[in-house]
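Engineer: Okay, so here is input-v5.pdb, and as you'll see once you scroll down, it has PDB, C-alpha atoms.
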MODEL        1
ATOM      1  CA  MET A   1     -45.127  48.204   2.056
ATOM      2  CA  THR A   2     -43.080  46.501  -0.657
ATOM      3  CA  ILE A   3     -39.815  45.137   0.660
ATOM      4  CA  ARG A   4     -37.089  46.469  -1.610
ATOM      5  CA  PHE A   5     -34.350  43.923  -0.942
ATOM      6  CA  VAL A   6     -33.826  40.529   0.680
ATOM      7  CA  THR A   7     -30.717  38.352   0.689
ATOM      8  CA  PHE A   8     -30.695  34.560   0.795
ATOM      9  CA  GLY A   9     -27.116  34.707   2.034
ATOM     10  CA  MET A  10     -26.472  33.351   5.506
ATOM     11  CA  PHE A  11     -25.731  34.824   8.895
ATOM     12  CA  ILE A  12     -22.594  33.279  10.406
ATOM     13  CA  ILE A  13     -20.668  33.896  13.617
ATOM     14  CA  ASP A  14     -17.036  34.222  12.526
ATOM     15  CA  GLU A  15     -14.227  32.945  14.726
ATOM     16  CA  PHE A  16     -10.558  33.715  14.025
ATOM     17  CA  SER A  17      -7.145  32.116  14.417
ATOM     18  CA  PHE A  18      -3.798  33.707  13.525
ATOM     19  CA  ALA A  19      -0.471  32.024  12.763
ATOM     20  CA  ASP A  20       2.763  32.991  11.049
ATOM     21  CA  GLU A  21       3.874  31.489   7.738
ATOM     22  CA  GLN A  22       5.331  28.461   9.557
ATOM     23  CA  GLY A  23       1.969  27.807  11.232
ATOM     24  CA  LYS A  24       3.050  28.996  14.694
ATOM     25  CA  PRO A  25       0.241  30.883  16.549
ATOM     26  CA  THR A  26       0.994  34.610  16.729
ATOM     27  CA  GLY A  27      -0.929  35.116  19.971
ATOM     28  CA  GLU A  28      -3.272  37.598  18.277
ATOM     29  CA  THR A  29      -6.898  37.158  19.271
ATOM     30  CA  VAL A  30     -10.123  38.606  17.891
ATOM     31  CA  ALA A  31     -13.486  38.040  19.588
ATOM     32  CA  PRO A  32     -16.153  36.207  17.550
ATOM     33  CA  GLN A  33     -17.659  38.612  15.019
ATOM     34  CA  ILE A  34     -20.838  38.937  13.000
ATOM     35  CA  GLY A  35     -20.207  37.415   9.583
ATOM     36  CA  GLY A  36     -21.821  35.738   6.616
ATOM     37  CA  GLY A  37     -22.183  37.005   3.061
ATOM     38  CA  GLY A  38     -25.871  37.685   3.607
ATOM     39  CA  THR A  39     -25.216  39.872   6.649
ATOM     40  CA  TYR A  40     -22.665  41.975   4.792
ATOM     41  CA  ALA A  41     -25.013  42.322   1.818
ATOM     42  CA  ILE A  42     -27.946  43.490   3.928
ATOM     43  CA  ILE A  43     -25.803  46.072   5.753
ATOM     44  CA  GLY A  44     -24.535  47.279   2.352
ATOM     45  CA  ALA A  45     -28.169  47.996   1.492
ATOM     46  CA  ARG A  46     -28.957  49.373   4.976
ATOM     47  CA  ILE A  47     -26.393  52.152   4.458
ATOM     48  CA  TRP A  48     -28.908  53.634   1.970
ATOM     49  CA  LEU A  49     -32.337  52.257   2.876
ATOM     50  CA  PRO A  50     -34.537  52.295   6.008
ATOM     51  CA  PRO A  51     -34.585  49.049   8.031
ATOM     52  CA  ASP A  52     -38.261  48.322   7.374
ATOM     53  CA  THR A  53     -37.672  48.164   3.576
ATOM     54  CA  ILE A  54     -35.047  45.389   3.585
ATOM     55  CA  GLY A  55     -34.652  42.066   5.326
ATOM     56  CA  MET A  56     -32.881  38.845   6.088
ATOM     57  CA  ILE A  57     -33.630  35.608   7.912
ATOM     58  CA  ILE A  58     -31.296  34.670  10.765
ATOM     59  CA  ASP A  59     -31.328  31.168  12.236
ATOM     60  CA  ARG A  60     -30.655  31.767  15.912
ATOM     61  CA  GLY A  61     -29.294  28.779  17.855
ATOM     62  CA  ASN A  62     -29.144  28.145  21.598
ATOM     63  CA  ASP A  63     -25.683  29.751  21.813
ATOM     64  CA  PHE A  64     -26.553  33.128  20.267
ATOM     65  CA  PRO A  65     -24.380  35.764  22.025
ATOM     66  CA  GLN A  66     -26.169  38.748  23.546
ATOM     67  CA  ASP A  67     -23.524  41.227  22.353
ATOM     68  CA  ILE A  68     -24.005  40.071  18.758
ATOM     69  CA  GLN A  69     -27.792  40.312  19.178
ATOM     70  CA  ASN A  70     -27.420  43.886  20.452
ATOM     71  CA  GLN A  71     -25.140  44.842  17.560
ATOM     72  CA  LEU A  72     -27.603  43.472  14.992
ATOM     73  CA  LEU A  73     -30.482  45.389  16.594
ATOM     74  CA  SER A  74     -28.440  48.612  16.438
ATOM     75  CA  TYR A  75     -28.930  48.571  12.642
ATOM     76  CA  GLY A  76     -32.727  48.409  13.059
ATOM     77  CA  SER A  77     -34.768  45.550  14.511
ATOM     78  CA  ASP A  78     -37.094  45.519  11.475
ATOM     79  CA  ILE A  79     -34.357  44.086   9.226
ATOM     80  CA  TRP A  80     -34.046  40.750  10.980
ATOM     81  CA  HIS A  81     -36.458  37.842  10.865
ATOM     82  CA  PHE A  82     -35.185  35.526  13.596
ATOM     83  CA  ARG A  83     -35.974  31.811  13.521
ATOM     84  CA  ASP A  84     -35.172  30.178  16.845
ATOM     85  CA  ASP A  85     -34.127  26.572  17.331
ATOM     86  CA  THR A  86     -33.021  25.684  20.857
ATOM     87  CA  ASN A  87     -31.971  22.213  19.667
ATOM     88  CA  ARG A  88     -29.064  23.465  17.573
ATOM     89  CA  VAL A  89     -26.172  25.914  17.671
ATOM     90  CA  THR A  90     -25.831  28.964  15.429
ATOM     91  CA  THR A  91     -23.845  28.538  12.208
ATOM     92  CA  ARG A  92     -20.188  29.325  12.905
ATOM     93  CA  SER A  93     -17.055  29.463  10.766
ATOM     94  CA  ARG A  94     -13.322  29.618  11.404
ATOM     95  CA  ASN A  95     -11.231  32.169   9.506
ATOM     96  CA  SER A  96      -7.610  30.998   9.717
ATOM     97  CA  TYR A  97      -4.927  33.526   8.877
ATOM     98  CA  ARG A  98      -1.510  31.998   8.208
ATOM     99  CA  GLY A  99       0.854  34.725   7.041
ATOM    100  CA  GLU A 100      -0.877  36.220   3.993
ATOM    101  CA  TYR A 101      -3.044  33.134   3.411
ATOM    102  CA  ARG A 102      -6.628  33.096   4.640
ATOM    103  CA  GLY A 103      -8.541  29.830   5.097
ATOM    104  CA  PHE A 104     -12.262  29.459   5.753
ATOM    105  CA  GLU A 105     -14.260  26.499   7.034
ATOM    106  CA  TYR A 106     -17.635  25.897   8.654
ATOM    107  CA  ILE A 107     -17.305  24.461  12.147
ATOM    108  CA  THR A 108     -21.039  23.890  12.771
ATOM    109  CA  PRO A 109     -23.821  22.794  10.376
ATOM    110  CA  ARG A 110     -25.286  25.495   8.119
ATOM    111  CA  ILE A 111     -28.903  26.084   7.126
ATOM    112  CA  ARG A 112     -29.365  27.315   3.586
ATOM    113  CA  LEU A 113     -32.128  29.807   2.816
ATOM    114  CA  THR A 114     -34.478  29.583  -0.171
ATOM    115  CA  PRO A 115     -37.328  31.722  -1.571
ATOM    116  CA  ARG A 116     -39.873  29.431   0.156
ATOM    117  CA  ASP A 117     -38.505  30.547   3.528
ATOM    118  CA  LEU A 118     -39.923  34.032   2.895
ATOM    119  CA  GLU A 119     -43.526  32.786   2.739
ATOM    120  CA  ARG A 120     -45.691  33.880   5.684
ATOM    121  CA  THR A 121     -43.064  36.410   6.802
ATOM    122  CA  ARG A 122     -42.915  40.187   6.414
ATOM    123  CA  LEU A 123     -40.271  39.637   3.751
ATOM    124  CA  THR A 124     -42.426  37.848   1.196
ATOM    125  CA  ARG A 125     -42.081  38.884  -2.484
ATOM    126  CA  PRO A 126     -39.331  41.528  -2.256
ATOM    127  CA  ALA A 127     -38.506  43.698  -5.286
ATOM    128  CA  SER A 128     -34.929  42.369  -5.467
ATOM    129  CA  VAL A 129     -33.088  39.332  -4.136
ATOM    130  CA  HIS A 130     -29.433  38.379  -3.728
ATOM    131  CA  PHE A 131     -28.017  34.875  -3.547
ATOM    132  CA  ILE A 132     -24.485  33.532  -3.051
ATOM    133  CA  CYS A 133     -24.202  29.972  -4.285
ATOM    134  CA  SER A 134     -23.078  27.701  -7.111
ATOM    135  CA  PRO A 135     -24.683  28.110 -10.551
ATOM    136  CA  THR A 136     -26.325  24.698  -9.997
ATOM    137  CA  ARG A 137     -28.002  25.880  -6.795
ATOM    138  CA  ALA A 138     -28.911  29.205  -8.449
ATOM    139  CA  LEU A 139     -31.034  27.186 -10.901
ATOM    140  CA  GLN A 140     -32.968  25.736  -7.950
ATOM    141  CA  ILE A 141     -33.508  29.199  -6.434
ATOM    142  CA  ILE A 142     -34.770  30.570  -9.764
ATOM    143  CA  SER A 143     -37.100  27.572 -10.075
ATOM    144  CA  GLU A 144     -38.610  28.345  -6.650
ATOM    145  CA  ILE A 145     -39.037  32.023  -7.545
ATOM    146  CA  GLN A 146     -40.871  31.041 -10.734
ATOM    147  CA  GLU A 147     -43.295  28.875  -8.749
ATOM    148  CA  ILE A 148     -44.613  31.983  -6.958
ATOM    149  CA  GLU A 149     -47.179  33.562  -9.250
ATOM    150  CA  GLY A 150     -46.858  37.275  -9.955
ATOM    151  CA  TRP A 151     -43.410  37.650  -8.387
ATOM    152  CA  ASN A 152     -40.649  38.774 -10.714
ATOM    153  CA  PRO A 153     -37.820  40.195  -8.597
ATOM    154  CA  THR A 154     -34.536  41.680  -9.772
ATOM    155  CA  THR A 155     -32.138  38.765  -9.247
ATOM    156  CA  ILE A 156     -28.552  39.495  -8.179
ATOM    157  CA  PHE A 157     -26.357  36.402  -8.441
ATOM    158  CA  GLU A 158     -23.006  36.255  -6.663
ATOM    159  CA  PRO A 159     -21.289  32.949  -7.532
ATOM    160  CA  ILE A 160     -19.701  31.254  -4.528
ATOM    161  CA  PRO A 161     -15.880  31.215  -4.891
ATOM    162  CA  ASP A 162     -15.233  27.477  -4.575
ATOM    163  CA  ARG A 163     -17.780  26.665  -7.312
ATOM    164  CA  CYS A 164     -16.356  29.128  -9.837
ATOM    165  CA  ILE A 165     -14.896  26.262 -11.824
ATOM    166  CA  PRO A 166     -15.226  25.338 -15.507
ATOM    167  CA  GLU A 167     -17.467  22.356 -14.585
ATOM    168  CA  GLU A 168     -20.152  24.831 -13.434
ATOM    169  CA  LEU A 169     -20.206  26.690 -16.777
ATOM    170  CA  PRO A 170     -23.117  24.646 -18.273
ATOM    171  CA  SER A 171     -25.274  25.407 -15.213
ATOM    172  CA  LEU A 172     -24.242  29.059 -15.386
ATOM    173  CA  LYS A 173     -25.310  29.265 -19.047
ATOM    174  CA  ALA A 174     -28.663  27.687 -18.109
ATOM    175  CA  VAL A 175     -29.354  30.151 -15.295
ATOM    176  CA  LEU A 176     -28.111  33.375 -16.946
ATOM    177  CA  PRO A 177     -31.322  34.160 -18.922
ATOM    178  CA  HIS A 178     -33.128  34.342 -15.549
ATOM    179  CA  ILE A 179     -30.530  36.557 -13.838
ATOM    180  CA  ALA A 180     -30.729  40.358 -13.878
ATOM    181  CA  ILE A 181     -27.190  40.875 -12.563
ATOM    182  CA  LEU A 182     -24.265  38.458 -12.629
ATOM    183  CA  SER A 183     -21.452  39.576 -10.333
ATOM    184  CA  PRO A 184     -18.415  37.373  -9.726
ATOM    185  CA  ASN A 185     -15.146  38.878  -8.608
ATOM    186  CA  ALA A 186     -12.270  39.015 -11.097
ATOM    187  CA  GLU A 187     -10.564  35.748 -10.093
ATOM    188  CA  GLU A 188     -13.902  33.901 -10.061
ATOM    189  CA  ALA A 189     -14.828  35.250 -13.497
ATOM    190  CA  LEU A 190     -11.513  34.184 -15.024
ATOM    191  CA  SER A 191     -11.684  30.766 -13.348
ATOM    192  CA  LEU A 192     -15.203  30.037 -14.635
ATOM    193  CA  LEU A 193     -14.036  30.806 -18.164
ATOM    194  CA  SER A 194     -10.777  28.799 -17.859
ATOM    195  CA  LEU A 195      -8.783  31.987 -18.530
ATOM    196  CA  PRO A 196      -5.337  32.736 -17.017
ATOM    197  CA  LEU A 197      -5.747  33.994 -13.446
ATOM    198  CA  VAL A 198      -3.901  37.264 -14.067
ATOM    199  CA  VAL A 199      -6.182  40.151 -13.123
ATOM    200  CA  THR A 200      -5.796  43.139 -15.438
ATOM    201  CA  LYS A 201      -8.408  45.579 -16.661
ATOM    202  CA  SER A 202      -8.313  44.111 -20.157
ATOM    203  CA  ALA A 203      -8.692  40.538 -18.825
ATOM    204  CA  VAL A 204     -11.717  41.610 -16.771
ATOM    205  CA  GLU A 205     -13.289  43.451 -19.720
ATOM    206  CA  ASN A 206     -12.805  40.392 -21.914
ATOM    207  CA  ALA A 207     -14.396  38.072 -19.304
ATOM    208  CA  ALA A 208     -17.403  40.391 -18.870
ATOM    209  CA  SER A 209     -17.970  40.438 -22.643
ATOM    210  CA  GLU A 210     -17.817  36.631 -22.729
ATOM    211  CA  PHE A 211     -20.517  36.345 -20.050
ATOM    212  CA  LEU A 212     -22.667  38.935 -21.811
ATOM    213  CA  LYS A 213     -22.465  36.918 -25.041
ATOM    214  CA  MET A 214     -24.006  33.970 -23.191
ATOM    215  CA  GLY A 215     -27.210  35.991 -22.785
ATOM    216  CA  VAL A 216     -27.727  37.586 -19.366
ATOM    217  CA  GLY A 217     -31.302  38.365 -18.363
ATOM    218  CA  LYS A 218     -34.563  38.126 -20.241
ATOM    219  CA  ASP A 219     -33.976  39.158 -23.879
ATOM    220  CA  ASN A 220     -30.342  39.994 -22.955
ATOM    221  CA  SER A 221     -31.527  42.806 -20.690
ATOM    222  CA  GLY A 222     -29.209  41.884 -17.813
ATOM    223  CA  SER A 223     -25.883  43.253 -16.600
ATOM    224  CA  VAL A 224     -22.475  41.840 -15.774
ATOM    225  CA  ILE A 225     -20.501  43.470 -12.953
ATOM    226  CA  ILE A 226     -17.046  42.075 -12.231
ATOM    227  CA  ARG A 227     -15.758  43.244  -8.855
ATOM    228  CA  SER A 228     -12.005  43.740  -9.078
ATOM    229  CA  GLY A 229     -10.755  44.988  -5.706
ATOM    230  CA  ALA A 230      -8.592  48.108  -5.887
ATOM    231  CA  LEU A 231      -9.074  48.264  -9.684
ATOM    232  CA  GLY A 232     -12.762  49.003  -9.109
ATOM    233  CA  ALA A 233     -15.712  47.248 -10.733
ATOM    234  CA  TYR A 234     -16.394  46.787 -14.430
ATOM    235  CA  VAL A 235     -20.058  47.201 -15.438
ATOM    236  CA  ILE A 236     -21.424  46.264 -18.857
ATOM    237  CA  THR A 237     -24.857  45.757 -20.436
ATOM    238  CA  SER A 238     -25.821  44.736 -23.966
ATOM    239  CA  ASP A 239     -27.065  48.239 -24.815
ATOM    240  CA  ARG A 240     -24.248  50.322 -23.328
ATOM    241  CA  LYS A 241     -20.491  49.962 -23.456
ATOM    242  CA  GLY A 242     -18.599  48.866 -20.388
ATOM    243  CA  GLN A 243     -17.526  51.318 -17.696
ATOM    244  CA  TRP A 244     -15.117  51.089 -14.791
ATOM    245  CA  ILE A 245     -16.457  52.292 -11.430
ATOM    246  CA  ASP A 246     -13.654  53.268  -9.061
ATOM    247  CA  ALA A 247     -13.096  51.685  -5.690
ATOM    248  CA  PHE A 248     -13.634  54.567  -3.241
ATOM    249  CA  TRP A 249     -10.258  53.999  -1.505
ATOM    250  CA  SER A 250      -8.327  53.530  -4.735
ATOM    251  CA  SER A 251      -5.431  55.943  -4.351
ATOM    252  CA  THR A 252      -2.183  55.136  -2.569
ATOM    253  CA  GLU A 253      -2.670  57.820   0.108
ATOM    254  CA  ASN A 254      -5.825  56.013   1.247
ATOM    255  CA  ILE A 255      -4.246  52.580   1.544
ATOM    256  CA  ASP A 256      -4.340  52.716   5.369
ATOM    257  CA  LYS A 257      -8.142  53.046   5.224
ATOM    258  CA  VAL A 258      -8.413  49.447   3.982
ATOM    259  CA  VAL A 259      -8.192  47.298   7.131
ATOM    260  CA  ASP A 260     -10.013  44.086   6.103
ATOM    261  CA  VAL A 261     -11.683  43.287   2.778
ATOM    262  CA  THR A 262     -13.886  40.484   4.195
ATOM    263  CA  GLY A 263     -17.472  41.065   3.064
ATOM    264  CA  ALA A 264     -16.599  43.948   0.729
ATOM    265  CA  GLY A 265     -18.003  42.180  -2.336
ATOM    266  CA  ASN A 266     -21.176  41.184  -0.489
ATOM    267  CA  SER A 267     -21.786  44.710   0.793
ATOM    268  CA  PHE A 268     -21.059  46.055  -2.709
ATOM    269  CA  LEU A 269     -23.989  43.988  -4.001
ATOM    270  CA  GLY A 270     -26.286  45.076  -1.169
ATOM    271  CA  GLY A 271     -25.374  48.676  -1.979
ATOM    272  CA  LEU A 272     -26.049  47.890  -5.635
ATOM    273  CA  ALA A 273     -29.559  46.628  -4.814
ATOM    274  CA  ALA A 274     -30.248  49.809  -2.844
ATOM    275  CA  GLY A 275     -28.837  51.929  -5.662
ATOM    276  CA  LEU A 276     -31.047  50.183  -8.235
ATOM    277  CA  SER A 277     -34.065  50.998  -6.083
ATOM    278  CA  ILE A 278     -33.047  54.655  -5.665
ATOM    279  CA  ALA A 279     -31.801  55.198  -9.258
ATOM    280  CA  ASN A 280     -34.785  53.565 -11.012
ATOM    281  CA  GLY A 281     -32.817  50.560 -12.185
ATOM    282  CA  ASN A 282     -29.806  52.410 -13.669
ATOM    283  CA  VAL A 283     -27.063  49.865 -13.018
ATOM    284  CA  TYR A 284     -24.188  52.297 -13.716
ATOM    285  CA  GLU A 285     -25.530  54.822 -11.206
ATOM    286  CA  ALA A 286     -26.338  52.019  -8.752
ATOM    287  CA  SER A 287     -22.712  50.846  -8.922
ATOM    288  CA  LEU A 288     -21.621  54.146  -7.352
ATOM    289  CA  TYR A 289     -23.826  53.351  -4.330
ATOM    290  CA  ALA A 290     -22.299  49.857  -4.336
ATOM    291  CA  SER A 291     -18.733  51.169  -4.286
ATOM    292  CA  VAL A 292     -19.535  53.477  -1.363
ATOM    293  CA  SER A 293     -21.119  50.624   0.622
ATOM    294  CA  ALA A 294     -17.943  48.560   0.130
ATOM    295  CA  SER A 295     -15.834  51.542   1.261
ATOM    296  CA  PHE A 296     -17.421  51.419   4.735
ATOM    297  CA  THR A 297     -17.040  47.640   5.035
ATOM    298  CA  VAL A 298     -13.262  47.571   4.449
ATOM    299  CA  GLN A 299     -12.469  50.131   7.158
ATOM    300  CA  GLN A 300     -12.560  47.611  10.044
ATOM    301  CA  PHE A 301     -12.949  43.953  10.965
ATOM    302  CA  SER A 302     -16.651  43.007  10.728
ATOM    303  CA  LEU A 303     -19.440  45.503  10.039
ATOM    304  CA  PRO A 304     -19.293  49.309   9.827
ATOM    305  CA  HIS A 305     -20.520  51.370  12.776
ATOM    306  CA  LEU A 306     -23.828  53.269  12.596
ATOM    307  CA  THR A 307     -24.526  56.388  14.662
ATOM    308  CA  VAL A 308     -27.425  58.844  14.527
ATOM    309  CA  GLY A 309     -26.689  62.530  15.109
ATOM    310  CA  SER A 310     -28.871  64.900  17.160
ATOM    311  CA  ASN A 311     -30.392  66.042  13.854
ATOM    312  CA  GLY A 312     -31.532  62.467  13.158
ATOM    313  CA  VAL A 313     -29.064  62.026  10.277
ATOM    314  CA  GLU A 314     -27.332  58.660  10.121
ATOM    315  CA  GLU A 315     -23.565  58.425   9.862
ATOM    316  CA  TRP A 316     -21.502  55.322   9.131
ATOM    317  CA  ASN A 317     -17.979  55.229  10.543
ATOM    318  CA  GLN A 318     -18.478  58.927  11.415
ATOM    319  CA  ASP A 319     -19.018  59.840   7.764
ATOM    320  CA  SER A 320     -21.923  60.472   5.423
ATOM    321  CA  PRO A 321     -22.605  57.929   2.668
ATOM    322  CA  HIS A 322     -24.072  60.752   0.585
ATOM    323  CA  ARG A 323     -20.860  62.776   0.949
ATOM    324  CA  ARG A 324     -18.823  59.811  -0.279
ATOM    325  CA  LEU A 325     -21.290  59.257  -3.121
ATOM    326  CA  GLU A 326     -20.807  62.841  -4.277
ATOM    327  CA  VAL A 327     -17.001  62.565  -4.038
ATOM    328  CA  LEU A 328     -17.049  59.355  -6.087
ATOM    329  CA  ARG A 329     -19.477  60.753  -8.649
ATOM    330  CA  GLN A 330     -17.317  63.855  -9.196
ATOM    331  CA  ARG A 331     -14.218  61.669  -9.551
ATOM    332  CA  GLN A 332     -15.967  59.492 -12.151
ATOM    333  CA  ASP A 333     -17.175  62.557 -14.073
ATOM    334  CA  ARG A 334     -13.629  63.978 -14.140
ATOM    335  CA  GLU A 335     -12.238  60.684 -15.469
ATOM    336  CA  ILE A 336     -14.851  60.532 -18.223
ATOM    337  CA  GLU A 337     -14.114  64.171 -19.118
ATOM    338  CA  ASN A 338     -10.353  63.521 -19.243
ATOM    339  CA  LYS A 339     -10.885  60.512 -21.511
ATOM    340  CA  ASN A 340     -12.937  62.582 -23.912
ATOM    341  CA  HIS A 341     -10.229  65.238 -24.249
TER     342      HIS A 341
ENDMDL
END
Rewrite the coordinates I just gave you, this time as structure tokens.
Structural biologist:
Amino acid sequence: MTIRFVTFGMFIIDEFSFADEQGKPTGETVAPQIGGGGTYAIIGARIWLPPDTIGMIIDRGNDFPQDIQNQLLSYGSDIWHFRDDTNRVTTRSRNSYRGEYRGFEYITPRIRLTPRDLERTRLTRPASVHFICSPTRALQIISEIQEIEGWNPTTIFEPIPDRCIPEELPSLKAVLPHIAILSPNAEEALSLLSLPLVVTKSAVENAASEFLKMGVGKDNSGSVIIRSGALGAYVITSDRKGQWIDAFWSSTENIDKVVDVTGAGNSFLGGLAAGLSIANGNVYEASLYASVSASFTVQQFSLPHLTVGSNGVEEWNQDSPHRRLEVLRQRQDREIENKNH
């Protein structure tokens, strides 16, 4: 069976600390949670695809908590390729909340994943891959993919936030012809292009056009998707004009549904990969799947909750992804209709 999607993003155990704006601890505590951009991406895809068609490598240290192991297995044991090393601890990070500010740092060493890690595993040569890294490291990943004869996956590149700086632009231009989908968020896109960091729809549209002009994908066949939080996501290709895809929880009456946006962008791109597989590569249609995947991720801290009804139908957070997809599709169709009138 061809594996439809693999992420090279990492699995991380997230720890949390909370303080007020003066730095005084608030007393709030949250147990360590499953984290990592790769984990969120693979669950974004899992919302739509069976566990044996997707996958991710997890480096499991000697401190791997049983409750986290059980939660991962609840999404389907086939997804995870565990690599055990009893001589090290699992990669962990600290998420520090100080008032409205959120800080992030690794507190144990991390192990980066590359295409070579897939060799001699069930996950070898997937149809699509996702990586979260600097443009410079993306060049190395593409180089490794090209070394494997006969493998030409759909490449989904999510630039890592702290390397979305003008100095990375030359590397980005070098890697873009080998990327099927470039997807920074709005702030990252503007920062890469040295544009003012004021996120508006017109600023996002302008940034997407600038990236497209650089030549995305083989023969300019690629797509740019700029994820813009509550504004939605802007999707553009060289052969079709840009289109905004709504965030599912975009209206003010749904604001209480958005609990924590951590991982929303990652799960959006996992949902996108699944959507591309289901919708025969139509990136606009796939972006609807992506938006729905993100909608489940923002409803709680950490990952959405999967249950299976007596009829065997999966629900996420007690709701149907397909129901949300239909709601979003109808909303998009109405907006397009209203624009045309």
Engineer: Taking 3 positions as the minimum chain separation for residues in the same chain, which residues sit within 7 Å of region 257-273 of chain A when counting all atoms listed in the file? Answer as JSON, numbers by chain.
Structural biologist: {"A": [5, 37, 40, 41, 42, 43, 44, 45, 128, 227, 254, 276, 277, 286, 287, 289, 290, 291, 293, 294, 297, 298, 299, 300, 301]}
Engineer: Could the residues in this selection be written to a file with C-alpha atoms, as a short mmCIF file (atom, residue, chain, number, x, y, z; two decimals), in the coordinates of the input?
Structural biologist:
data_model
loop_
_atom_site.label_atom_id
_atom_site.label_comp_id
_atom_site.auth_asym_id
_atom_site.auth_seq_id
_atom_site.Cartn_x
_atom_site.Cartn_y
_atom_site.Cartn_z
CA PHE A 5 -34.35 43.92 -0.94
CA GLY A 37 -22.18 37.01 3.06
CA TYR A 40 -22.66 41.98 4.79
CA ALA A 41 -25.01 42.32 1.82
CA ILE A 42 -27.95 43.49 3.93
CA ILE A 43 -25.80 46.07 5.75
CA GLY A 44 -24.54 47.28 2.35
CA ALA A 45 -28.17 48.00 1.49
CA SER A 128 -34.93 42.37 -5.47
CA ARG A 227 -15.76 43.24 -8.86
CA ASN A 254 -5.82 56.01 1.25
CA LEU A 276 -31.05 50.18 -8.24
CA SER A 277 -34.06 51.00 -6.08
CA ALA A 286 -26.34 52.02 -8.75
CA SER A 287 -22.71 50.85 -8.92
CA TYR A 289 -23.83 53.35 -4.33
CA ALA A 290 -22.30 49.86 -4.34
CA SER A 291 -18.73 51.17 -4.29
CA SER A 293 -21.12 50.62 0.62
CA ALA A 294 -17.94 48.56 0.13
CA THR A 297 -17.04 47.64 5.04
CA VAL A 298 -13.26 47.57 4.45
CA GLN A 299 -12.47 50.13 7.16
CA GLN A 300 -12.56 47.61 10.04
CA PHE A 301 -12.95 43.95 10.96
#
Engineer: Rank A:Thr2, A:Asn62, A:Ser302, A:Thr154 by their smallest atom-to-atom distance to Asn280 (chain A), using only C-alpha atoms, and report the top residue only.
Structural biologist: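 Of A:Thr2, A:Asn62, A:Ser302, A:Thr154, the one nearest Asn280 (chain A), counting only C-alpha atoms, is A:Thr154.
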Engineer: Which polymer residues, protein or nucleic acid, are no farther than 6 Å from (-35.3, 34.5, 10.6), counting all atoms listed in the file, as a PyMOL selection string?
Structural biologist: chain A and resi 57-59+81-83
Engineer: Write out as AutoDock Vina command-line options an axis-aligned box for region 309-322 of chain A: all of its atoms listed in the file, 6 Å added on each side, centre and edge lengths in Å with one decimal.
Structural biologist:
--center_x -24.8 --center_y 60.6 --center_z 8.9 --size_x 25.6 --size_y 22.8 --size_z 28.6
Engineer: Rounded to one decimal in Å, what is the spacing between CA of Ile160 (chain A) and CA of Ala208 (chain A)?
Structural biologist: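 Separating CA of Ile160 (chain A) from CA of Ala208 (chain A) is a distance of 17.2 Å.
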Engineer: Report as a PyMOL selection string the residues that result from applying the PyMOL selection byres ((chain A and resi 218-221) around 9) to the structure here.
Structural biologist: chain A and resi 176-180+212-217+222-223+237-239
Engineer: With only C-alpha atoms as the atoms that count, which of A:Leu306, A:Ala174, A:Ile107, A:Val327 lies nearest to Tyr75 (chain A)?
Structural biologist: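 Of all the options, A:Leu306 lies closest to Tyr75 (chain A).
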Engineer: Let me make sure I understand: among A:Ile68, A:Met56, A:Val235, A:Ala247, which one has the smallest atom-to-atom distance to Leu123 (chain A) if we use all atoms listed in the file?
Structural biologist: A:Met56
Engineer: Near Asn317 (chain A), counting only C-alpha atoms, which residues have an atom at most 9 Å away, once you skip same-chain residues fewer than 3 positions from it, shown as a PDB file with C-alpha atoms, in the frame of the given file?
Structural biologist:
ATOM      1  CA  PHE A 296     -17.421  51.419   4.735  1.00  0.00           C
ATOM      2  CA  GLN A 299     -12.469  50.131   7.158  1.00  0.00           C
ATOM      3  CA  PRO A 304     -19.293  49.309   9.827  1.00  0.00           C
ATOM      4  CA  HIS A 305     -20.520  51.370  12.776  1.00  0.00           C
ATOM      5  CA  LEU A 306     -23.828  53.269  12.596  1.00  0.00           C
ATOM      6  CA  THR A 307     -24.526  56.388  14.662  1.00  0.00           C
ATOM      7  CA  SER A 320     -21.923  60.472   5.423  1.00  0.00           C
TER       8      SER A 320
END
Engineer: Figure out the distance between CA of Ile278 (chain A) and CA of Ile225 (chain A), please, to one decimal in Å.
Structural biologist: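 Separation of CA of Ile225 (chain A) and CA of Ile278 (chain A): 18.3 Å.
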Engineer: Kindly indicate which residue among A:Gln140, A:Thr91, A:Thr26, A:Ser77 lies nearest to Ile13 (chain A), using only C-alpha atoms for the distances.
Structural biologist: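 Among the listed residues, the smallest separation from Ile13 (chain A) belongs to A:Thr91.
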Engineer: Enter the distance from CA of Glu335 (chain A) to CA of Ala186 (chain A), in Å, rounded to one decimal.
Structural biologist: 22.1 Å
Engineer: Kindly indicate which residue among A:Arg163, A:Arg120, A:Arg324, A:Arg334 lies nearest to Ser134 (chain A), using all atoms listed in the file for the distances.
Structural biologist: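 Closest to Ser134 (chain A), using all atoms listed in the file: A:Arg163.
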Engineer: Kindly indicate which residue among A:Asp14, A:Glu147, A:Glu285, A:Glu187 lies nearest to Thr39 (chain A), using only C-alpha atoms for the distances.
Structural biologist: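 For Thr39 (chain A), the nearest of the given residues is A:Asp14.
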Engineer: Could you check which residues have any atom within 12 Å of (-17.5, 27.9, -9.9), counting only C-alpha atoms with coordinates taken straight from the file, and then list them as a VMD selection string?
Structural biologist: chain A and resid 132 to 138 158 to 172 184 to 185 187 to 194
Engineer: With the PyMOL selection byres ((chain A and resi 144) around 12) as the selection, what would be picked from this file? Answer as a VMD selection string, please.
Structural biologist: chain A and resid 113 to 119 125 137 to 143 145 to 149 151 to 152
